[in-house]
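Asker: What follows is coords.pdb, PDB, C-alpha atoms.
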```
ATOM      1  CA  MET A   1      12.480 -17.991  11.793  1.00  0.00           C
ATOM      2  CA  ARG A   2      16.216 -18.506  12.229  1.00  0.00           C
ATOM      3  CA  VAL A   3      18.271 -18.144  15.380  1.00  0.00           C
ATOM      4  CA  PRO A   4      21.999 -17.612  14.707  1.00  0.00           C
ATOM      5  CA  SER A   5      24.675 -18.324  17.310  1.00  0.00           C
ATOM      6  CA  ASP A   6      24.413 -14.817  18.795  1.00  0.00           C
ATOM      7  CA  GLY A   7      20.827 -15.571  19.901  1.00  0.00           C
ATOM      8  CA  ARG A   8      19.028 -12.990  17.761  1.00  0.00           C
ATOM      9  CA  ILE A   9      15.792 -14.105  16.112  1.00  0.00           C
ATOM     10  CA  LEU A  10      15.736 -13.482  12.353  1.00  0.00           C
ATOM     11  CA  ARG A  11      12.273 -13.344  10.787  1.00  0.00           C
ATOM     12  CA  SER A  12      11.219 -13.195   7.152  1.00  0.00           C
ATOM     13  CA  GLU A  13       8.963 -10.440   5.836  1.00  0.00           C
ATOM     14  CA  ALA A  14       5.983 -12.828   5.952  1.00  0.00           C
ATOM     15  CA  GLU A  15       6.769 -13.691   9.581  1.00  0.00           C
ATOM     16  CA  TRP A  16       6.950  -9.982  10.479  1.00  0.00           C
ATOM     17  CA  ARG A  17       3.577  -9.394   8.815  1.00  0.00           C
ATOM     18  CA  THR A  18       2.145 -12.179  11.004  1.00  0.00           C
ATOM     19  CA  VAL A  19       3.707 -10.723  14.165  1.00  0.00           C
ATOM     20  CA  LEU A  20       2.397  -7.238  13.372  1.00  0.00           C
ATOM     21  CA  ALA A  21      -1.080  -8.596  12.579  1.00  0.00           C
ATOM     22  CA  ARG A  22      -1.060 -10.337  15.992  1.00  0.00           C
ATOM     23  CA  PHE A  23      -0.091  -7.017  17.599  1.00  0.00           C
ATOM     24  CA  GLN A  24      -2.964  -5.168  15.913  1.00  0.00           C
ATOM     25  CA  ALA A  25      -5.439  -7.885  16.950  1.00  0.00           C
ATOM     26  CA  SER A  26      -4.107  -8.095  20.524  1.00  0.00           C
ATOM     27  CA  GLY A  27      -5.478  -4.802  21.797  1.00  0.00           C
ATOM     28  CA  GLN A  28      -2.274  -4.347  23.827  1.00  0.00           C
ATOM     29  CA  ASP A  29      -0.095  -1.287  23.686  1.00  0.00           C
ATOM     30  CA  GLU A  30       3.118  -1.752  21.756  1.00  0.00           C
ATOM     31  CA  VAL A  31       5.391  -1.835  24.825  1.00  0.00           C
ATOM     32  CA  CYS A  32       3.448  -4.676  26.491  1.00  0.00           C
ATOM     33  CA  PHE A  33       3.140  -6.657  23.260  1.00  0.00           C
ATOM     34  CA  CYS A  34       6.858  -6.338  22.486  1.00  0.00           C
ATOM     35  CA  ARG A  35       7.794  -7.372  26.010  1.00  0.00           C
ATOM     36  CA  ALA A  36       5.564 -10.472  25.800  1.00  0.00           C
ATOM     37  CA  GLU A  37       6.939 -11.384  22.350  1.00  0.00           C
ATOM     38  CA  LYS A  38      10.545 -10.637  23.373  1.00  0.00           C
ATOM     39  CA  ILE A  39      10.906  -8.041  20.613  1.00  0.00           C
ATOM     40  CA  THR A  40      12.655  -4.739  21.193  1.00  0.00           C
ATOM     41  CA  LEU A  41      10.430  -1.717  20.706  1.00  0.00           C
ATOM     42  CA  SER A  42      12.896  -0.194  18.247  1.00  0.00           C
ATOM     43  CA  THR A  43      12.854  -3.357  16.099  1.00  0.00           C
ATOM     44  CA  SER A  44       9.047  -3.393  16.081  1.00  0.00           C
ATOM     45  CA  CYS A  45       8.892   0.267  15.033  1.00  0.00           C
ATOM     46  CA  HIS A  46      11.550  -0.263  12.361  1.00  0.00           C
ATOM     47  CA  ARG A  47       9.747  -3.283  10.885  1.00  0.00           C
ATOM     48  CA  GLN A  48       6.378  -1.514  10.858  1.00  0.00           C
ATOM     49  CA  SER A  49       7.947   1.409   9.045  1.00  0.00           C
ATOM     50  CA  ARG A  50       9.625  -0.820   6.450  1.00  0.00           C
ATOM     51  CA  LEU A  51       6.510  -2.880   5.789  1.00  0.00           C
ATOM     52  CA  ARG A  52       4.242   0.157   5.561  1.00  0.00           C
ATOM     53  CA  GLY A  53       6.002   1.215   2.365  1.00  0.00           C
ATOM     54  CA  ARG A  54       5.717  -2.178   0.700  1.00  0.00           C
ATOM     55  CA  VAL A  55       2.796  -3.180  -1.469  1.00  0.00           C
ATOM     56  CA  GLU A  56       1.412  -6.677  -1.140  1.00  0.00           C
ATOM     57  CA  VAL A  57       0.403  -8.597  -4.254  1.00  0.00           C
ATOM     58  CA  SER A  58      -3.258  -8.370  -3.211  1.00  0.00           C
ATOM     59  CA  ASP A  59      -2.983  -4.547  -3.217  1.00  0.00           C
ATOM     60  CA  PHE A  60      -2.106  -4.431  -6.929  1.00  0.00           C
ATOM     61  CA  VAL A  61      -4.397  -2.278  -9.061  1.00  0.00           C
ATOM     62  CA  PRO A  62      -4.276  -3.191 -12.775  1.00  0.00           C
ATOM     63  CA  VAL A  63      -3.898  -0.445 -15.372  1.00  0.00           C
ATOM     64  CA  ILE A  64      -6.062  -0.894 -18.448  1.00  0.00           C
ATOM     65  CA  LYS A  65      -5.521   1.090 -21.617  1.00  0.00           C
ATOM     66  CA  ALA A  66      -8.819   2.587 -22.738  1.00  0.00           C
ATOM     67  CA  VAL A  67      -9.819   3.399 -26.281  1.00  0.00           C
ATOM     68  CA  ALA A  68      -9.698   7.128 -26.994  1.00  0.00           C
ATOM     69  CA  ARG A  69     -13.008   8.851 -27.627  1.00  0.00           C
ATOM     70  CA  THR A  70     -13.518  10.036 -31.162  1.00  0.00           C
ATOM     71  CA  GLU A  71     -16.144  12.634 -30.270  1.00  0.00           C
ATOM     72  CA  PRO A  72     -15.274  15.679 -28.136  1.00  0.00           C
ATOM     73  CA  ASP A  73     -16.750  16.167 -24.687  1.00  0.00           C
ATOM     74  CA  PRO A  74     -19.881  18.306 -25.303  1.00  0.00           C
ATOM     75  CA  GLY A  75     -19.437  20.199 -22.028  1.00  0.00           C
ATOM     76  CA  ARG A  76     -15.885  21.285 -22.729  1.00  0.00           C
ATOM     77  CA  THR A  77     -14.253  23.019 -25.683  1.00  0.00           C
ATOM     78  CA  PRO A  78     -10.476  22.646 -25.839  1.00  0.00           C
ATOM     79  CA  PRO A  79      -8.411  25.754 -26.643  1.00  0.00           C
ATOM     80  CA  SER A  80      -7.646  26.095 -30.336  1.00  0.00           C
ATOM     81  CA  GLY A  81      -4.474  24.418 -31.484  1.00  0.00           C
ATOM     82  CA  THR A  82      -4.463  21.843 -28.694  1.00  0.00           C
ATOM     83  CA  ALA A  83      -5.544  18.246 -28.627  1.00  0.00           C
ATOM     84  CA  ALA A  84      -8.270  17.266 -26.175  1.00  0.00           C
ATOM     85  CA  TRP A  85      -7.352  14.578 -23.668  1.00  0.00           C
ATOM     86  CA  SER A  86      -8.936  12.941 -20.673  1.00  0.00           C
ATOM     87  CA  LEU A  87      -7.704  10.699 -17.906  1.00  0.00           C
ATOM     88  CA  GLU A  88      -9.924   8.531 -15.750  1.00  0.00           C
ATOM     89  CA  ILE A  89      -8.646   6.400 -12.881  1.00  0.00           C
ATOM     90  CA  ARG A  90     -10.952   3.879 -11.219  1.00  0.00           C
ATOM     91  CA  LEU A  91      -9.811   2.311  -7.953  1.00  0.00           C
ATOM     92  CA  PRO A  92     -11.409  -0.446  -5.891  1.00  0.00           C
ATOM     93  CA  ASP A  93     -14.410   0.535  -3.746  1.00  0.00           C
ATOM     94  CA  SER A  94     -15.758   2.799  -6.540  1.00  0.00           C
ATOM     95  CA  VAL A  95     -13.172   5.550  -6.045  1.00  0.00           C
ATOM     96  CA  GLN A  96     -12.739   7.502  -9.286  1.00  0.00           C
ATOM     97  CA  PHE A  97     -10.517  10.368 -10.446  1.00  0.00           C
ATOM     98  CA  GLN A  98     -11.147  12.237 -13.677  1.00  0.00           C
ATOM     99  CA  SER A  99      -9.199  14.984 -15.417  1.00  0.00           C
ATOM    100  CA  CYS A 100      -9.238  16.428 -18.895  1.00  0.00           C
ATOM    101  CA  GLY A 101      -7.564  19.101 -20.882  1.00  0.00           C
TER     102      GLY A 101
END
```
Written as structure tokens, that's how I'd like the structure from this file.
Answerer:
Amino acid sequence: MRVPSDGRILRSEAEWRTVLARFQASGQDEVCFCRAEKITLSTSCHRQSRLRGRVEVSDFVPVIKAVARTEPDPGRTPPSGTAAWSLEIRLPDSVQFQSCG
């Protein structure tokens, strides 16, 4: 945290994540929390919005290239003249998406 000569408090992204985690754990409404922390409500809202769109390193989902099947899917016949394809996405917590064509 830096405090320039104009008195504003400048926080890093990691410091803002800590402040916002404290807010979520506090059980207070945002107005009361901001008042106690000496943060303007508009700054808090702005920082939450900016951080919401960022992905943390721990949220990274690796992409692994799978080997293509050599045998066709027995339950599906592709239209003539087209190549059969399938896409399977597996996310943490056993969430899966499958598509084929």
Asker: Pick out the residues sitting within 10 Å of Ile9 in chain A, and hand them over as a list in words; count only C-alpha atoms, and ignore anything fewer than 6 positions along from it in its own chain.
Answerer: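 Within the cut-off, the hits are Met1, Arg2, Val3, Lys38 and Ile39 of chain A.
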Asker: Which residues match the PyMOL selection byres ((chain A and resi 100) around 7) in the file above, as an mmCIF file with C-alpha atoms, in the frame of the given file?
Answerer:
```cif
data_model
loop_
_atom_site.group_PDB
_atom_site.id
_atom_site.type_symbol
_atom_site.label_atom_id
_atom_site.label_comp_id
_atom_site.auth_asym_id
_atom_site.auth_seq_id
_atom_site.Cartn_x
_atom_site.Cartn_y
_atom_site.Cartn_z
ATOM 1 C CA TRP A 85 -7.352 14.578 -23.668
ATOM 2 C CA SER A 86 -8.936 12.941 -20.673
ATOM 3 C CA LEU A 87 -7.704 10.699 -17.906
ATOM 4 C CA GLN A 98 -11.147 12.237 -13.677
ATOM 5 C CA SER A 99 -9.199 14.984 -15.417
ATOM 6 C CA GLY A 101 -7.564 19.101 -20.882
#
```
Asker: So how many Å separate CA of Ala21 in chain A and CA of Leu91 in chain A, to one decimal?
Answerer: 24.8 Å
Asker: I need the residue set behind the PyMOL selection byres ((chain A and resi 41-53) around 9) for this file; please write it as a PyMOL selection string.
Answerer: chain A and resi 13+16-17+20+30-31+34-35+39-40+54-55
